[in-house]
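Enquirer: entry-v5.txt is reproduced below (compact mmCIF, C-alpha atoms).
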```txt
# COMPACT_ATOMS: atom_id res chain seq x y z
CA MET F 14 -1.99 -38.54 -26.63
CA ALA F 15 1.72 -39.34 -26.72
CA GLY F 16 3.80 -36.58 -28.21
CA SER F 17 1.03 -33.96 -27.94
CA ARG F 18 2.00 -30.53 -26.73
CA ALA F 19 1.18 -29.65 -23.14
CA ALA F 20 -1.61 -27.14 -22.69
CA ALA F 21 -0.41 -23.55 -22.27
CA PRO F 22 -0.64 -22.19 -18.72
CA VAL F 23 -3.75 -20.18 -17.91
CA PRO F 24 -2.87 -16.47 -18.05
CA VAL F 25 -3.24 -13.93 -15.27
CA LEU F 26 -4.57 -10.39 -15.58
CA VAL F 27 -3.13 -8.11 -12.88
CA LEU F 28 -5.13 -4.97 -12.19
CA GLY F 29 -2.72 -2.12 -11.51
CA LEU F 30 0.95 -1.84 -12.48
CA GLY F 31 2.23 -0.03 -9.41
CA GLN F 32 4.49 -1.65 -6.82
CA ASN F 33 1.80 -4.16 -5.77
CA GLY F 34 1.12 -5.20 -9.33
CA LEU F 35 4.79 -5.47 -10.29
CA ALA F 36 5.46 -7.82 -7.37
CA SER F 37 2.60 -10.10 -8.48
CA ILE F 38 3.78 -9.99 -12.09
CA ARG F 39 7.26 -11.15 -11.13
CA ALA F 40 6.01 -13.78 -8.66
CA LEU F 41 3.99 -15.46 -11.44
CA GLY F 42 5.95 -14.55 -14.56
CA ARG F 43 9.12 -16.14 -13.21
CA LEU F 44 7.20 -19.42 -13.03
CA GLY F 45 6.41 -19.27 -16.74
CA ILE F 46 2.82 -18.06 -16.28
CA PRO F 47 1.74 -15.52 -18.93
CA VAL F 48 0.83 -12.23 -17.25
CA PHE F 49 -1.10 -9.25 -18.57
CA GLY F 50 -1.26 -5.98 -16.64
CA ILE F 51 -3.86 -3.27 -16.98
CA ASP F 52 -3.37 0.35 -15.93
CA SER F 53 -4.05 3.91 -16.99
CA ASP F 54 -0.35 4.85 -17.02
CA LEU F 55 1.88 2.62 -19.14
CA SER F 56 4.92 4.87 -18.65
CA GLN F 57 5.27 3.87 -14.99
CA PRO F 58 7.99 1.44 -13.86
CA GLY F 59 5.84 -1.69 -13.49
CA ALA F 60 4.58 -1.45 -17.07
CA GLY F 61 8.13 -2.04 -18.28
CA SER F 62 8.50 -5.52 -16.77
CA ARG F 63 9.61 -8.21 -19.19
CA TYR F 64 7.21 -10.59 -17.45
CA CYS F 65 4.12 -8.62 -18.40
CA ARG F 66 2.19 -7.44 -21.43
CA ALA F 67 0.77 -4.05 -20.48
CA VAL F 68 -2.73 -2.96 -21.50
CA ALA F 69 -3.99 0.63 -21.26
CA CYS F 70 -7.29 1.53 -19.58
CA ALA F 71 -8.16 5.10 -18.63
CA ASP F 72 -10.23 4.13 -15.56
CA ALA F 73 -7.89 1.46 -14.19
CA LYS F 74 -6.63 3.60 -11.27
CA THR F 75 -9.94 5.21 -10.34
CA GLY F 76 -12.13 2.13 -10.63
CA GLY F 77 -14.45 4.06 -12.96
CA PRO F 78 -16.89 2.40 -15.36
CA GLY F 79 -14.26 2.19 -18.07
CA LEU F 80 -12.42 -0.52 -16.13
CA LEU F 81 -15.34 -2.93 -16.20
CA GLU F 82 -16.00 -2.09 -19.84
CA LYS F 83 -12.36 -2.82 -20.70
CA LEU F 84 -12.42 -6.14 -18.85
CA LEU F 85 -15.57 -7.21 -20.67
CA GLU F 86 -14.01 -6.15 -23.97
CA LEU F 87 -10.78 -8.09 -23.31
CA GLY F 88 -12.39 -11.23 -21.90
CA PRO F 89 -13.46 -12.89 -25.18
CA THR F 90 -10.00 -12.32 -26.72
CA PHE F 91 -8.30 -14.88 -24.43
CA ASP F 92 -8.14 -18.55 -25.37
CA GLN F 93 -8.47 -19.48 -21.68
CA ARG F 94 -10.25 -17.57 -18.93
CA PRO F 95 -7.53 -15.59 -17.11
CA VAL F 96 -7.23 -15.33 -13.34
CA LEU F 97 -7.96 -11.79 -12.10
CA LEU F 98 -5.63 -10.41 -9.40
CA PRO F 99 -6.50 -6.95 -8.04
CA SER F 100 -3.81 -4.78 -6.45
CA GLY F 101 -5.83 -1.90 -5.00
CA ASP F 102 -9.09 -1.15 -3.21
CA LEU F 103 -10.77 0.52 -6.18
CA ASN F 104 -10.15 -2.27 -8.70
CA LEU F 105 -10.98 -4.86 -6.03
CA GLN F 106 -14.35 -3.20 -5.49
CA VAL F 107 -15.09 -3.27 -9.22
CA ILE F 108 -14.40 -6.96 -9.73
CA SER F 109 -15.99 -8.00 -6.44
CA GLU F 110 -19.29 -6.30 -7.24
CA ALA F 111 -19.26 -7.43 -10.89
CA ARG F 112 -18.00 -10.98 -10.30
CA GLU F 113 -21.07 -12.66 -11.79
CA LEU F 114 -20.86 -10.48 -14.89
CA LEU F 115 -17.14 -11.27 -15.24
CA ALA F 116 -17.43 -15.00 -14.51
CA PRO F 117 -17.95 -16.11 -18.15
CA HIS F 118 -14.59 -14.55 -19.10
CA TYR F 119 -12.43 -14.61 -15.94
CA ARG F 120 -11.64 -16.68 -12.86
CA VAL F 121 -12.28 -14.61 -9.74
CA SER F 122 -11.26 -16.04 -6.37
CA LEU F 123 -12.28 -13.60 -3.64
CA PRO F 124 -13.99 -13.58 -0.28
CA THR F 125 -17.75 -13.11 -0.45
CA PRO F 126 -19.01 -9.66 -1.52
CA GLU F 127 -20.14 -9.00 2.06
CA VAL F 128 -16.67 -9.69 3.45
CA VAL F 129 -15.03 -7.51 0.81
CA ARG F 130 -17.44 -4.66 1.57
CA ARG F 131 -16.74 -4.95 5.30
CA ALA F 132 -12.98 -4.70 4.71
CA LEU F 133 -13.27 -1.77 2.29
CA ASP F 134 -15.78 0.17 4.38
CA LYS F 135 -13.84 1.39 7.41
CA ARG F 136 -16.99 2.21 9.37
CA SER F 137 -18.27 -1.35 8.86
CA PHE F 138 -14.89 -2.82 9.79
CA TYR F 139 -14.56 -0.83 13.01
CA GLU F 140 -18.16 -1.57 14.00
CA PHE F 141 -17.37 -5.27 13.52
CA ALA F 142 -14.10 -4.95 15.46
CA ILE F 143 -15.82 -3.20 18.39
CA ALA F 144 -18.68 -5.73 18.47
CA ASN F 145 -16.25 -8.67 18.39
CA ASP F 146 -13.70 -7.23 20.82
CA LEU F 147 -10.85 -7.24 18.33
CA PRO F 148 -7.63 -5.53 19.47
CA ILE F 149 -8.01 -2.02 18.03
CA PRO F 150 -7.04 1.35 19.53
CA ARG F 151 -9.97 3.04 21.24
CA THR F 152 -12.19 4.31 18.44
CA ILE F 153 -15.22 6.62 18.50
CA LEU F 154 -17.40 6.58 15.38
CA LEU F 155 -18.79 10.05 14.77
CA HIS F 156 -22.29 9.85 13.37
CA ALA F 157 -24.22 12.87 12.11
CA GLN F 158 -24.16 15.76 14.59
CA PRO F 159 -22.41 14.06 17.54
CA ASP F 160 -21.95 15.70 20.92
CA ILE F 161 -18.42 16.74 20.07
CA GLU F 162 -18.04 18.79 23.27
CA SER F 163 -18.56 15.68 25.45
CA ILE F 164 -16.40 13.53 23.19
CA ALA F 165 -13.60 16.11 23.32
CA ARG F 166 -13.59 15.86 27.11
CA GLU F 167 -13.68 12.04 27.04
CA ILE F 168 -11.07 11.08 24.44
CA GLU F 169 -7.40 10.70 25.38
CA TYR F 170 -4.83 12.87 23.64
CA PRO F 171 -3.10 12.79 21.27
CA CYS F 172 -5.84 11.39 19.04
CA ILE F 173 -6.40 10.99 15.32
CA VAL F 174 -9.23 12.52 13.29
CA LYS F 175 -9.80 10.82 9.95
CA PRO F 176 -12.54 9.99 7.44
CA PHE F 177 -13.82 6.47 7.01
CA GLN F 178 -13.03 6.80 3.32
CA PRO F 179 -11.44 9.95 1.85
CA THR F 180 -13.69 11.47 -0.83
CA ALA F 181 -12.71 13.61 -3.80
CA ALA F 182 -13.78 16.66 -1.77
CA TRP F 183 -11.49 15.61 1.10
CA ARG F 184 -8.53 15.17 -1.25
CA ARG F 185 -9.15 18.56 -2.87
CA THR F 186 -9.36 20.32 0.51
CA PHE F 187 -6.70 18.59 2.61
CA ASP F 188 -3.24 17.33 1.74
CA THR F 189 -3.32 14.61 4.41
CA ARG F 190 -5.26 11.42 5.11
CA LEU F 191 -5.67 12.29 8.79
CA PHE F 192 -4.96 14.84 11.52
CA VAL F 193 -3.15 14.28 14.82
CA VAL F 194 -4.73 16.40 17.56
CA GLN F 195 -2.94 17.23 20.81
CA SER F 196 -5.71 18.78 22.91
CA ARG F 197 -9.40 19.58 23.28
CA GLU F 198 -8.65 23.16 22.20
CA GLU F 199 -7.27 21.82 18.90
CA LEU F 200 -10.00 19.25 18.36
CA LEU F 201 -13.09 21.47 18.48
CA PRO F 202 -12.17 23.95 15.70
CA LEU F 203 -10.59 21.19 13.60
CA TYR F 204 -13.73 19.09 13.85
CA GLU F 205 -15.90 21.98 12.59
CA ARG F 206 -13.53 22.45 9.67
CA VAL F 207 -13.34 18.83 8.54
CA PHE F 208 -17.00 18.01 9.27
CA ALA F 209 -18.02 20.66 6.73
CA VAL F 210 -16.05 18.76 4.08
CA HIS F 211 -16.66 15.15 5.14
CA PRO F 212 -19.24 14.25 7.85
CA GLU F 213 -18.27 10.56 8.02
CA LEU F 214 -15.48 10.81 10.59
CA MET F 215 -13.95 8.89 13.46
CA LEU F 216 -11.68 9.66 16.38
CA GLN F 217 -9.04 7.18 17.39
CA GLU F 218 -6.39 7.03 20.07
CA TYR F 219 -2.95 7.73 18.67
CA MET F 220 -0.56 4.85 19.32
CA SER F 221 2.85 6.25 20.06
CA GLY F 222 6.03 4.59 18.89
CA PRO F 223 8.32 4.61 15.84
CA ASP F 224 7.54 3.14 12.41
CA SER F 225 9.55 0.05 13.38
CA HIS F 226 6.75 -0.84 15.84
CA LEU F 227 4.52 -1.70 12.88
CA TYR F 228 4.21 -5.45 12.23
CA PHE F 229 2.16 -7.29 9.66
CA GLY F 230 0.99 -10.80 8.99
CA MET F 231 -0.05 -12.25 5.64
CA THR F 232 -1.76 -15.49 4.81
CA TYR F 233 -3.80 -17.42 2.29
CA LEU F 234 -6.85 -19.17 3.72
CA ASP F 235 -8.37 -22.07 1.81
CA ARG F 236 -12.10 -22.43 1.30
CA ASP F 237 -12.40 -23.96 4.76
CA ARG F 238 -10.54 -20.88 6.13
CA GLN F 239 -7.47 -22.90 7.00
CA PRO F 240 -4.08 -21.22 6.45
CA MET F 241 -2.03 -22.52 3.52
CA ALA F 242 0.86 -20.23 4.48
CA VAL F 243 1.51 -17.60 7.12
CA TRP F 244 4.19 -14.93 6.86
CA THR F 245 5.08 -12.12 9.26
CA GLY F 246 7.40 -9.14 9.15
CA ARG F 247 7.74 -5.54 10.21
CA LYS F 248 8.13 -2.10 8.73
CA LEU F 249 11.33 -0.24 9.47
CA ARG F 250 10.62 3.04 7.69
CA MET F 251 7.67 4.57 5.84
CA TYR F 252 7.11 7.37 3.37
CA PRO F 253 5.77 9.73 4.56
CA ALA F 254 7.02 8.92 8.05
CA ARG F 255 4.42 7.80 10.64
CA PHE F 256 1.38 7.64 8.33
CA GLY F 257 2.64 6.47 4.95
CA THR F 258 3.37 3.14 3.30
CA ALA F 259 6.45 1.00 3.74
CA SER F 260 9.71 2.16 2.21
CA PHE F 261 11.93 -0.28 4.14
CA ALA F 262 10.75 -3.54 5.73
CA GLU F 263 12.05 -6.93 6.79
CA SER F 264 10.87 -10.50 7.22
CA ARG F 265 10.64 -11.31 10.93
CA PHE F 266 8.62 -14.23 12.23
CA ASP F 267 6.50 -13.46 15.27
CA PRO F 268 4.22 -16.25 16.59
CA TRP F 269 1.68 -13.83 18.12
CA ILE F 270 1.35 -11.89 14.86
CA ALA F 271 0.99 -15.14 12.88
CA GLU F 272 -1.66 -16.60 15.17
CA ASN F 273 -3.71 -13.42 15.45
CA THR F 274 -3.52 -12.60 11.74
CA VAL F 275 -5.15 -15.95 10.99
CA SER F 276 -7.73 -15.78 13.78
CA ILE F 277 -8.81 -12.20 12.96
CA LEU F 278 -9.20 -12.95 9.26
CA GLN F 279 -11.13 -16.10 10.08
CA SER F 280 -13.46 -14.11 12.34
CA LEU F 281 -14.04 -11.68 9.47
CA GLY F 282 -15.10 -14.61 7.26
CA VAL F 283 -12.14 -14.23 4.90
CA THR F 284 -11.10 -16.86 2.39
CA GLY F 285 -8.10 -16.41 0.12
CA TYR F 286 -5.52 -13.65 0.39
CA GLY F 287 -5.48 -11.45 3.50
CA SER F 288 -3.22 -9.42 5.75
CA ILE F 289 -3.43 -7.62 9.09
CA GLU F 290 -1.16 -4.76 10.12
CA PHE F 291 -0.54 -4.19 13.83
CA LYS F 292 1.29 -1.60 15.85
CA ARG F 293 2.98 -2.20 19.17
CA ASP F 294 1.77 0.62 21.40
CA GLN F 295 4.75 1.77 23.45
CA ARG F 296 2.43 2.88 26.26
CA ASP F 297 1.67 -0.72 27.25
CA GLY F 298 3.59 -2.90 24.74
CA ARG F 299 0.41 -4.44 23.32
CA PHE F 300 -0.29 -4.96 19.62
CA ARG F 301 -3.40 -3.37 18.14
CA ILE F 302 -4.85 -3.52 14.64
CA VAL F 303 -3.97 -0.70 12.27
CA GLU F 304 -5.49 -2.07 9.06
CA ALA F 305 -7.01 -5.19 7.52
CA THR F 306 -6.50 -5.94 3.81
CA VAL F 307 -8.38 -8.73 2.04
CA GLY F 308 -8.83 -9.78 -1.57
CA ARG F 309 -5.99 -7.70 -2.96
CA THR F 310 -2.22 -7.58 -2.60
CA TRP F 311 -0.49 -5.54 0.09
CA PHE F 312 2.15 -2.90 -0.77
CA PRO F 313 5.53 -4.64 -0.06
CA HIS F 314 4.33 -8.19 -0.73
CA GLY F 315 7.34 -8.74 -3.00
CA LEU F 316 9.23 -9.25 0.27
CA VAL F 317 6.91 -12.15 1.11
CA THR F 318 7.67 -13.95 -2.16
CA ALA F 319 11.40 -13.25 -1.87
CA SER F 320 11.49 -14.75 1.62
CA GLY F 321 9.97 -18.04 0.50
CA VAL F 322 6.16 -17.64 0.52
CA ASN F 323 4.73 -17.10 -2.97
CA LEU F 324 1.17 -16.06 -2.08
CA PRO F 325 0.22 -14.95 -5.62
CA HIS F 326 1.01 -18.47 -6.84
CA LEU F 327 -1.19 -19.99 -4.11
CA TRP F 328 -3.93 -17.60 -5.20
CA TYR F 329 -3.47 -18.59 -8.85
CA ARG F 330 -3.68 -22.31 -8.13
CA ASP F 331 -6.72 -21.87 -5.92
CA ALA F 332 -8.51 -19.87 -8.62
CA LEU F 333 -7.86 -22.76 -11.04
CA ASP F 334 -9.16 -25.35 -8.53
CA LEU F 335 -5.72 -26.95 -8.48
CA PRO F 336 -4.38 -28.56 -5.29
CA VAL F 337 -3.05 -25.93 -2.88
CA GLU F 338 -0.44 -27.41 -0.60
CA PRO F 339 0.53 -25.65 2.63
CA ILE F 340 3.86 -23.81 2.44
CA GLY F 341 6.27 -24.07 5.35
CA GLY F 342 9.91 -24.45 6.22
CA ASP F 343 11.32 -22.04 3.61
CA PHE F 344 10.91 -18.77 5.53
CA VAL F 345 13.95 -16.47 5.17
CA GLU F 346 14.43 -14.55 8.41
CA GLY F 347 15.78 -10.98 8.32
CA LEU F 348 15.48 -10.38 4.57
CA LYS F 349 15.25 -6.62 3.95
CA TRP F 350 13.00 -5.05 1.34
CA ILE F 351 13.89 -1.59 -0.01
CA HIS F 352 11.69 0.69 -2.08
CA GLU F 353 14.53 2.57 -3.70
CA ASP F 354 13.17 6.06 -4.31
CA ARG F 355 10.67 6.18 -1.42
CA ASP F 356 13.28 5.17 1.15
CA LEU F 357 15.71 7.75 -0.17
CA ARG F 358 13.04 10.39 0.27
CA THR F 359 12.00 9.39 3.77
CA VAL F 360 15.59 9.17 5.00
CA LEU F 361 16.60 12.59 3.69
CA LEU F 362 13.33 14.36 4.48
CA TYR F 363 12.50 12.87 7.89
CA PHE F 364 15.17 10.71 9.50
CA MET F 365 18.29 12.78 8.85
CA PRO F 366 16.78 16.17 9.72
CA SER F 367 15.46 14.72 13.00
CA GLY F 368 18.88 13.28 13.84
CA ASP F 369 17.58 9.69 13.91
CA LEU F 370 19.97 8.70 11.11
CA THR F 371 23.33 9.78 9.76
CA ILE F 372 24.65 8.80 6.35
CA GLY F 373 26.66 6.05 8.00
CA SER F 374 23.79 4.62 10.03
CA TRP F 375 21.48 4.83 7.01
CA LEU F 376 23.85 2.78 4.85
CA ALA F 377 24.49 0.39 7.73
CA SER F 378 20.73 -0.29 7.98
CA TYR F 379 20.94 -2.00 4.57
CA ARG F 380 23.45 -4.62 5.70
CA GLY F 381 22.43 -8.23 5.22
CA ARG F 382 20.30 -9.93 2.60
CA ARG F 383 18.21 -7.54 0.52
CA THR F 384 15.50 -7.47 -2.11
CA TYR F 385 14.15 -4.42 -3.90
CA ALA F 386 10.87 -2.99 -5.10
CA TYR F 387 12.21 -2.26 -8.59
CA ALA F 388 15.77 -3.50 -9.04
CA ALA F 389 16.13 -7.06 -10.36
CA TRP F 390 18.89 -8.51 -12.55
CA ASP F 391 16.41 -10.52 -14.59
CA ASP F 392 14.00 -7.56 -15.04
CA PRO F 393 15.98 -4.30 -15.16
CA LEU F 394 13.62 -1.89 -16.95
CA PRO F 395 11.30 -1.09 -13.98
CA PHE F 396 14.30 0.15 -11.97
CA LEU F 397 15.59 2.26 -14.88
CA ARG F 398 12.16 3.79 -15.32
CA ALA F 399 11.88 4.51 -11.59
CA MET F 400 15.22 6.32 -11.60
CA ARG F 401 14.20 8.23 -14.72
CA ASP F 402 11.02 9.38 -13.00
CA LEU F 403 12.87 10.39 -9.84
CA ALA F 404 15.46 12.40 -11.76
CA GLY F 405 12.83 13.99 -14.01
CA ALA F 406 10.66 15.07 -11.07
CA GLY F 407 13.70 16.47 -9.30
CA LEU F 408 14.86 18.46 -12.32
CA ARG F 409 11.39 19.92 -12.88
CA ARG F 410 11.19 21.03 -9.27
CA ALA F 411 14.72 22.44 -9.39
CA ARG F 412 13.81 24.48 -12.47
CA ARG F 413 10.74 25.87 -10.69
CA ARG F 414 12.85 26.78 -7.66
CA LEU F 415 15.51 28.46 -9.84
CA ARG F 416 12.87 30.28 -11.89
CA GLY F 417 11.27 31.55 -8.68
CA THR F 418 14.65 32.70 -7.37
CA ALA F 419 15.38 34.53 -10.62
CA ASN F 420 11.97 36.25 -10.62
CA ALA F 421 12.42 37.30 -7.01
CA SER F 422 15.84 38.80 -7.76
CA VAL F 423 14.34 40.88 -10.60
CA LEU F 424 11.62 42.21 -8.30
CA ASP F 425 14.19 43.06 -5.63
CA ARG F 426 16.55 44.85 -8.01
CA GLY F 427 16.75 48.58 -7.31
CA SER F 428 14.66 48.39 -4.15
CA ARG F 429 17.07 46.38 -2.04
CA GLU F 430 20.76 45.86 -1.79
CA ALA F 431 21.88 42.86 -3.85
CA LYS F 432 22.18 39.65 -1.82
CA PRO F 433 25.24 37.43 -2.07
CA PHE F 434 24.83 34.19 -4.03
CA ASP F 435 24.42 31.36 -1.52
CA LEU F 436 25.71 28.19 -3.24
CA ARG F 437 25.22 26.05 -0.14
CA LYS F 438 21.56 27.03 0.12
CA LEU F 439 21.00 26.47 -3.59
CA CYS F 440 22.53 22.97 -3.38
CA ALA F 441 20.35 22.18 -0.38
CA GLU F 442 17.27 23.28 -2.32
CA ALA F 443 18.31 21.20 -5.32
CA ARG F 444 18.68 18.18 -3.05
CA GLY F 445 15.19 18.79 -1.71
CA ALA F 446 13.88 19.16 -5.23
CA LEU F 447 15.22 15.76 -6.22
CA LEU F 448 13.30 14.21 -3.35
CA HIS F 449 9.83 15.54 -4.25
```
In structure tokens, what does this structure look like?
Expert:
Amino acid sequence: MAGSRAAAPVPVLVLGLGQNGLASIRALGRLGIPVFGIDSDLSQPGAGSRYCRAVACADAKTGGPGLLEKLLELGPTFDQRPVLLPSGDLNLQVISEARELLAPHYRVSLPTPEVVRRALDKRSFYEFAIANDLPIPRTILLHAQPDIESIAREIEYPCIVKPFQPTAAWRRTFDTRLFVVQSREELLPLYERVFAVHPELMLQEYMSGPDSHLYFGMTYLDRDRQPMAVWTGRKLRMYPARFGTASFAESRFDPWIAENTVSILQSLGVTGYGSIEFKRDQRDGRFRIVEATVGRTWFPHGLVTASGVNLPHLWYRDALDLPVEPIGGDFVEGLKWIHEDRDLRTVLLYFMPSGDLTIGSWLASYRGRRTYAYAAWDDPLPFLRAMRDLAGAGLRRARRRLRGTANASVLDRGSREAKPFDLRKLCAEARGALLH
């Protein structure tokens, strides 16, 4: 009817308001799409975005039963069925397994449940990769009571020992996701220790090389598994170094990464959003798979949108059964993405102490076009909240350090000669406190 108002855009509900969620919120909100975000912590930076209405849910981070209950409670309150966009493995698992229950209230566009399970279950993924000769580092899957003595003689060192999926018991016992082992003499006692906590383990060759040898490809595959867009880039630094997530990355097109990202995801049966991370092994220069991510956004995917490939918007249109046109020709080469507080931490805790960076070379690494995890002129509150959190955590740690120093000096009084006040050491400790 002439003069009638256009229908309001279908809203989006983003699960998780961390860095992944914030990047999706901005990618869609800047296009005028109404975005709701659900999380257990509404004080975090992403919850402050002007492009999002934040909703609290106690189980949003853990994927507990409260998340599904909250989604079913919210569903009938929307005038139009929102599109669901997960940003983490736990919330992806919830909506993938409950997709039929959620379908009356939400639009869910994901790979099949079997494909999602294969990607989330590391044992299943590596079994598939071995059976299909995908390029992975040599991997030995440790089933119950393996002949660890023989394996220890067979595997090349250094190697990695890690669980298929860290459990609550693993997280309570160990402060790391994996262990790097240098020799058979290290492996045998370590294996006994970790097997007692988590029997589902694997050994994997350790691929040497710096963080900058990590490359990644991202794509959106239509329902015929054809790529609507392909983007590639590389990590430059991670926090923690070597085994963390990106703190500094850049767009960098690599034809091999692009081609193999698509072909590997196709072989996995993926439709929709997917990414593959590779590492160039400096022993032979070959790329091997580090991780496959499907059905949920990848940590620095804000870089992908900023360099011309808006994958969340492709996902949104596909979920609405709207035409999805291939994206090409707008790729911005060499755009740098900076996670402000995480990169500060990794530079000062890892790269400067090792001598790999000076203050001058660190600042020089930021030259050129940049985009940021939090900072944005049109959406300033997430950055302000991130800096508030960084300063608050640093001050709390500094107080604990100072309180400990004061207590120690009281205990020492009378039994030892008074020690001179070391301002340089105190300043160094305060700097370290601000980074934790």
Enquirer: Between atom CA of F:Asn273 and atom CA of F:Ala142, what distance in Å does the model show, to one decimal?
Expert: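 Taking atom CA of F:Asn273 as the start and atom CA of F:Ala142 as the end point, the length is 13.4 Å.
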Enquirer: Name the residues in contact with F:Trp375 at a cut-off of 12 Å, using all atoms listed in the file, excluding same-chain residues fewer than 6 positions from it; report them as a list of chain:residue names.
Expert: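 Answer for this query is F:Leu249, F:Arg250, F:Phe261, F:Asp356, F:Leu357, F:Thr359, F:Val360, F:Leu361, F:Phe364, F:Met365, F:Gly368, F:Asp369.
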Enquirer: Point out the residue among F:Phe344, F:Phe300, F:Tyr119, F:Tyr385 with the least atom-to-atom distance to F:Arg94, counting only C-alpha atoms.
Expert: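 Nearest to F:Arg94: F:Tyr119.
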Enquirer: As lines of an AutoDock Vina configuration file, please: the centre and edge lengths in Å, to one decimal, of an axis-aligned box enclosing every listed atom of stretch 118-133 of chain F with 3 Å added on each side.
Expert:
```
center_x = -15.7
center_y = -9.2
center_z = -6.9
size_x = 14.9
size_y = 20.9
size_z = 30.4
```
Enquirer: Measure the distance from atom CA of F:Asp160 to atom CA of F:Thr186 in Å and round it to one decimal.
Expert: 24.4 Å
Enquirer: Take atom CA of F:Pro22 and atom CA of F:Pro89 and report the distance between them in Å, one decimal.
Expert: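 Atom CA of F:Pro89 lies 17.1 Å from atom CA of F:Pro22.
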Enquirer: Within 12 Å of F:Arg401, counting all atoms listed in the file, which residues qualify if same-chain residues fewer than 3 places away don't, as a PyMOL selection string?
Expert: chain F and resi 56-58+354+394-398+404-408+447
